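Trainee: Below: one structure in structure tokens.
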Amino acid sequence: MVEQTDVPGAVSWPTPSPRVRELIRRGAELALHPPDAWVEELYAAALGGERMRAIAEDPVLSEGARRTNVANVLHWATANLQRPGERVPANVTPEILEIARDLVRRGLDERSLDSYRTAQNVAWRHWMDICFGLTDDAAELRELLDVSSRSIATFLDDTVTALTVRMQAERSELTRGTHAERRAAVTLLLEGAPIRRGRAEEQLGYRLGGPHVAAIVWSSTGTPISELEDTAEAVRKAGGAERRLTVLAGTGTVWIWLPTADAPTTEALQACLPGSSPDVRVAVGRPGRDLEGFRRSHLDALTTQRMLARLTSPRRIARFEDVQLVAALTADPTQADEFVADTLGALATAEPELRDTLLTYLREQCNSSRTAERLFTHRNTVLRRLARADDLLPRPLAQNTTAVAAALEVLHWRGRPG
């Protein structure tokens with residue numbers, strides 16, 4: 001291996017031997033198709049730890065962290081497949097730069113890029129496994145690991161440096177103008193910091209006295225902000241409000257408040273979504289009054305948004321009033337899974353129509369006729385399904401009605417069997 005110094009003034013870079021370049025190329029081919037377990041470990045590392053909690057609990061940011069860390073692996077592998085052993089340029093695609101911008105808009109700093117470092121450790125372990133499978137020649141392996149270690153570390157350093165520059169520029173931009181003032185005022189209000197009400201209302205253009213309903217409109221797939229704004233406007237109309245306060249929380253998230261005493265119904269919200277992308281979602285908080293209601297309604301919407309993300313729910317609309325119990329039950333996913341399995345037994349993985357029928361029956365206060373009407377089926381069909389569901393439960397329904405209803409609600413919002 002020799003140091004490459006062909007370009008005057010350039011930082012020297014080692015040129016691997018032809019044999020090691022070939023090993024890197026072969027290893028890169030394998031790294032381009034990582035197994036699912038490998039990717040899941042990368043996700044867990046990227047979002048683990050107390051410093052990453054704010055990102056892990058935000059559906060848009062957590063999905064962005066997952067995508068970018070996998071993208072980094074694929075970027076590095078692709079570069080080494082095409083030019084084995086050469087210095088890999090920083091991964092600064094438009095999507096990754098937008099994610100860095102979102103971090104700043106959430107009030108996070110460069111420490112949030114720690115996910116790149118923790119994910120790097122996982123990627124390095126798996127790359128070593130690949131290397132040990134490519135050669136058993138000690139000299140080749142030593143050179144291969146030496147070049148790889150320098151390449152991966154330098155690539156991550158260059159990428160983090162580029163993103164840090166972007167975040168600093170974005171932070172500078174957000175300290176100026178109306179948007180910055182609005183976001184800063186809302187942040188202070190949500191944190192309970194002392195801020196004069198009159199000054200906050202002036203910055204927001206919104207009265208803090210009276211009723212409020214908060215909602216969050218978001219997408220994790222790069223939906224244009226204009227479409228999120230259109231959905232926010234549709235939510236306003238569904239709630240019958242004359243105006244709304246809108247705060248752009250990131251390129252994929254919009255926070256809104258409606259000065260109304262009643263939250264939009266689920267039916268009205270569903271009617272406002274057909275024209276939007278299927279990836280756009282809406283979470284709505286409970287109505288509240290005055291400053292405390294302004295704050296609490298938003299926190300309700302945030303809890304609802306996080307619950308949908310935690311359960312990987314396919315549902316596009318959720319109101320806190322409808323999911324409060326499920327949100328509490330699923331705060332610890334492992335305990336929630338155990339509760340569902342213990343309560344429902346074989347019913348948890350039985351035909352969906354059995355669970356749907358039983359849940360509807362419980363929602364209709366155990367009235368089989370109303371259940372049949374709601375499901376557009378015959379009452380005798382409902383009774384047969386209920387009997388079959390009762391047989392599958394570990395305990396008879398009559399002895400455990402409340403717990404069964406709660407477990408079925410968890411599966412309903414999760415959108416898949418436990």
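Letters for chains follow the order of the structure tokens (A, B, ...), residue numbers begin at 1 for each chain, and ligand numbers begin at 1 in the order shown.
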Which parts of range 97-287 of chain A does DSSP call helix (DSSP H, G or I) when run on the backbone here, written out as a ChimeraX atom specification?
Mentor: /A:97-105,110-134,138-174,177-191,197-204,225-238,266-271
Trainee: Tell me, which residues of range 72-218 of chain A carry DSSP strand (DSSP E or B), written as number ranges by chain?
Mentor: A: 211-218
Trainee: Grab the residues selected above and save them as a PDB file, in the first residue's frame with all heavy atoms.
Mentor:
```pdb
ATOM      1  N   PRO A 211     -61.086  29.055  23.409  1.00  0.00           N
ATOM      2  CA  PRO A 211     -60.898  27.621  23.128  1.00  0.00           C
ATOM      3  C   PRO A 211     -59.795  27.360  22.098  1.00  0.00           C
ATOM      4  O   PRO A 211     -59.476  28.223  21.280  1.00  0.00           O
ATOM      5  CB  PRO A 211     -62.263  27.210  22.573  1.00  0.00           C
ATOM      6  CG  PRO A 211     -62.769  28.449  21.885  1.00  0.00           C
ATOM      7  CD  PRO A 211     -62.278  29.598  22.733  1.00  0.00           C
ATOM      8  N   HIS A 212     -59.239  26.140  22.158  1.00  0.00           N
ATOM      9  CA  HIS A 212     -58.217  25.722  21.198  1.00  0.00           C
ATOM     10  C   HIS A 212     -58.357  24.222  20.922  1.00  0.00           C
ATOM     11  O   HIS A 212     -58.673  23.441  21.827  1.00  0.00           O
ATOM     12  CB  HIS A 212     -56.796  25.943  21.741  1.00  0.00           C
ATOM     13  CG  HIS A 212     -56.521  27.318  22.235  1.00  0.00           C
ATOM     14  ND1 HIS A 212     -56.299  28.380  21.389  1.00  0.00           N
ATOM     15  CD2 HIS A 212     -56.426  27.811  23.504  1.00  0.00           C
ATOM     16  CE1 HIS A 212     -56.076  29.462  22.116  1.00  0.00           C
ATOM     17  NE2 HIS A 212     -56.157  29.149  23.394  1.00  0.00           N
ATOM     18  N   VAL A 213     -58.090  23.847  19.690  1.00  0.00           N
ATOM     19  CA  VAL A 213     -57.889  22.442  19.325  1.00  0.00           C
ATOM     20  C   VAL A 213     -56.608  22.393  18.493  1.00  0.00           C
ATOM     21  O   VAL A 213     -56.499  23.084  17.477  1.00  0.00           O
ATOM     22  CB  VAL A 213     -59.072  21.863  18.511  1.00  0.00           C
ATOM     23  CG1 VAL A 213     -58.706  20.489  17.959  1.00  0.00           C
ATOM     24  CG2 VAL A 213     -60.317  21.779  19.370  1.00  0.00           C
ATOM     25  N   ALA A 214     -55.647  21.606  18.935  1.00  0.00           N
ATOM     26  CA  ALA A 214     -54.373  21.484  18.219  1.00  0.00           C
ATOM     27  C   ALA A 214     -54.375  20.240  17.348  1.00  0.00           C
ATOM     28  O   ALA A 214     -55.033  19.236  17.664  1.00  0.00           O
ATOM     29  CB  ALA A 214     -53.213  21.432  19.208  1.00  0.00           C
ATOM     30  N   ALA A 215     -53.633  20.306  16.261  1.00  0.00           N
ATOM     31  CA  ALA A 215     -53.475  19.146  15.378  1.00  0.00           C
ATOM     32  C   ALA A 215     -52.069  19.151  14.809  1.00  0.00           C
ATOM     33  O   ALA A 215     -51.411  20.196  14.741  1.00  0.00           O
ATOM     34  CB  ALA A 215     -54.511  19.170  14.255  1.00  0.00           C
ATOM     35  N   ILE A 216     -51.624  17.981  14.407  1.00  0.00           N
ATOM     36  CA  ILE A 216     -50.327  17.829  13.740  1.00  0.00           C
ATOM     37  C   ILE A 216     -50.580  17.142  12.406  1.00  0.00           C
ATOM     38  O   ILE A 216     -51.245  16.107  12.351  1.00  0.00           O
ATOM     39  CB  ILE A 216     -49.339  17.004  14.580  1.00  0.00           C
ATOM     40  CG1 ILE A 216     -49.071  17.697  15.916  1.00  0.00           C
ATOM     41  CG2 ILE A 216     -48.026  16.790  13.823  1.00  0.00           C
ATOM     42  CD1 ILE A 216     -48.200  16.890  16.864  1.00  0.00           C
ATOM     43  N   VAL A 217     -50.064  17.740  11.344  1.00  0.00           N
ATOM     44  CA  VAL A 217     -50.152  17.159  10.002  1.00  0.00           C
ATOM     45  C   VAL A 217     -48.727  16.827   9.588  1.00  0.00           C
ATOM     46  O   VAL A 217     -47.842  17.687   9.651  1.00  0.00           O
ATOM     47  CB  VAL A 217     -50.784  18.153   9.004  1.00  0.00           C
ATOM     48  CG1 VAL A 217     -50.825  17.545   7.603  1.00  0.00           C
ATOM     49  CG2 VAL A 217     -52.188  18.550   9.466  1.00  0.00           C
ATOM     50  N   TRP A 218     -48.499  15.587   9.163  1.00  0.00           N
ATOM     51  CA  TRP A 218     -47.119  15.219   8.842  1.00  0.00           C
ATOM     52  C   TRP A 218     -47.049  14.113   7.788  1.00  0.00           C
ATOM     53  O   TRP A 218     -48.026  13.443   7.483  1.00  0.00           O
ATOM     54  CB  TRP A 218     -46.390  14.774  10.111  1.00  0.00           C
ATOM     55  CG  TRP A 218     -46.610  13.357  10.548  1.00  0.00           C
ATOM     56  CD1 TRP A 218     -45.810  12.280  10.322  1.00  0.00           C
ATOM     57  CD2 TRP A 218     -47.723  12.852  11.322  1.00  0.00           C
ATOM     58  NE1 TRP A 218     -46.336  11.149  10.899  1.00  0.00           N
ATOM     59  CE2 TRP A 218     -47.498  11.477  11.520  1.00  0.00           C
ATOM     60  CE3 TRP A 218     -48.862  13.449  11.857  1.00  0.00           C
ATOM     61  CZ2 TRP A 218     -48.401  10.679  12.236  1.00  0.00           C
ATOM     62  CZ3 TRP A 218     -49.752  12.669  12.554  1.00  0.00           C
ATOM     63  CH2 TRP A 218     -49.521  11.301  12.744  1.00  0.00           C
TER      64      TRP A 218
END
```
Trainee: Calculated over only C-alpha atoms, which of the candidates A:Gln365, A:Thr402, A:Thr223, A:Thr135 has the smallest distance to Ser277 in chain A?
Mentor: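 The answer is A:Thr223, which sits nearest to Ser277 in chain A.
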Trainee: Give me the residues within 7 Å of range 142-148 of chain A as a list in words, counting only C-alpha atoms and dropping any in the same chain fewer than 4 places off.
Mentor: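 The residues that qualify are Val20, Gly85, Ala138 and Ile152 of chain A.
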Trainee: Can you tell me, as a PyMOL selection string, what residues are no more than 12 Å from Ala79 in chain A when counting only C-alpha atoms, ignoring any on the same chain fewer than 2 positions away?
Mentor: chain A and resi 24-25+27-29+31-32+72-77+81-91+151-152+155
Trainee: Residues of range 111-211 of chain A that approach range 251-266 of chain A to 9 Å or less, counting only C-alpha atoms: could you list each one with the shortest pair of atoms and its distance in Å to one decimal, rows by chain and increasing residue number, as CSV?
Mentor:
```
residue,atom,partner,partner_atom,distance
A:Tyr206,CA,A:Pro259,CA,8.6
A:Arg207,CA,A:Pro259,CA,8.1
A:Leu208,CA,A:Pro259,CA,8.7
A:Gly210,CA,A:Pro259,CA,7.2
A:Pro211,CA,A:Ala261,CA,5.0
```
Trainee: List the neighbours of Gly192 in chain A out to 12 Å using only C-alpha atoms; skip same-chain residues closer than 5 positions along the sequence, and give me the result as a list in words.
Mentor: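 The residues satisfying every condition are Ala185, Val186, Thr187, Arg197, Leu291, Glu292, Phe294, Arg295 and Arg296 of chain A.
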Trainee: Output C-alpha atoms for every residue in the selection just made, as a PDB file, in the first residue's frame.
Mentor:
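Just written: selection14.pdb:
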```pdb
ATOM      1  CA  ALA A 185     -42.944  32.028  20.695  1.00  0.00           C
ATOM      2  CA  VAL A 186     -44.693  28.665  20.367  1.00  0.00           C
ATOM      3  CA  THR A 187     -41.686  26.838  21.789  1.00  0.00           C
ATOM      4  CA  ARG A 197     -49.218  36.932  26.610  1.00  0.00           C
ATOM      5  CA  LEU A 291     -52.941  29.092  27.554  1.00  0.00           C
ATOM      6  CA  GLU A 292     -53.024  25.761  29.378  1.00  0.00           C
ATOM      7  CA  PHE A 294     -53.273  25.657  23.979  1.00  0.00           C
ATOM      8  CA  ARG A 295     -50.365  23.719  25.449  1.00  0.00           C
ATOM      9  CA  ARG A 296     -52.231  20.573  26.500  1.00  0.00           C
TER      10      ARG A 296
END
```
Trainee: Quick one: residues within 12 Å of Arg370 in chain A, only C-alpha atoms counted, chain neighbours fewer than 3 positions away excluded, as a PyMOL selection string?
Mentor: chain A and resi 357+360-367+373-379+382-383
Trainee: Using C-alpha atoms, can you export the residues from the last selection as a compact mmCIF listing (two decimals), in the first residue's frame?
Mentor:
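To be explicit, this is the file written out as out.txt:
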```txt
# COMPACT_ATOMS: atom_id res chain seq x y z
CA THR A 357 -66.91 -8.33 15.23
CA THR A 360 -67.74 -3.68 17.41
CA TYR A 361 -69.96 -5.70 19.77
CA LEU A 362 -68.17 -4.27 22.80
CA ARG A 363 -68.32 -0.74 21.39
CA GLU A 364 -72.06 -1.20 20.87
CA GLN A 365 -72.45 -2.09 24.56
CA CYS A 366 -72.84 -5.79 23.85
CA ASN A 367 -75.90 -5.30 21.63
CA GLU A 373 -76.31 -3.18 11.60
CA ARG A 374 -72.89 -1.59 11.99
CA LEU A 375 -71.18 -4.48 10.18
CA PHE A 376 -73.89 -4.80 7.51
CA THR A 377 -74.35 -8.49 8.27
CA HIS A 378 -76.97 -10.82 9.72
CA ARG A 379 -77.41 -11.05 13.48
CA VAL A 382 -72.58 -11.98 14.48
CA LEU A 383 -73.63 -14.50 17.14
```
Trainee: Ranking A:Ser226, A:Thr78, A:Thr246, A:Thr349 by minimum distance to Ala389 in chain A and counting only C-alpha atoms, which one comes first?
Mentor: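 Ranking A:Ser226, A:Thr78, A:Thr246, A:Thr349 by distance to Ala389 in chain A, first place goes to A:Thr349.
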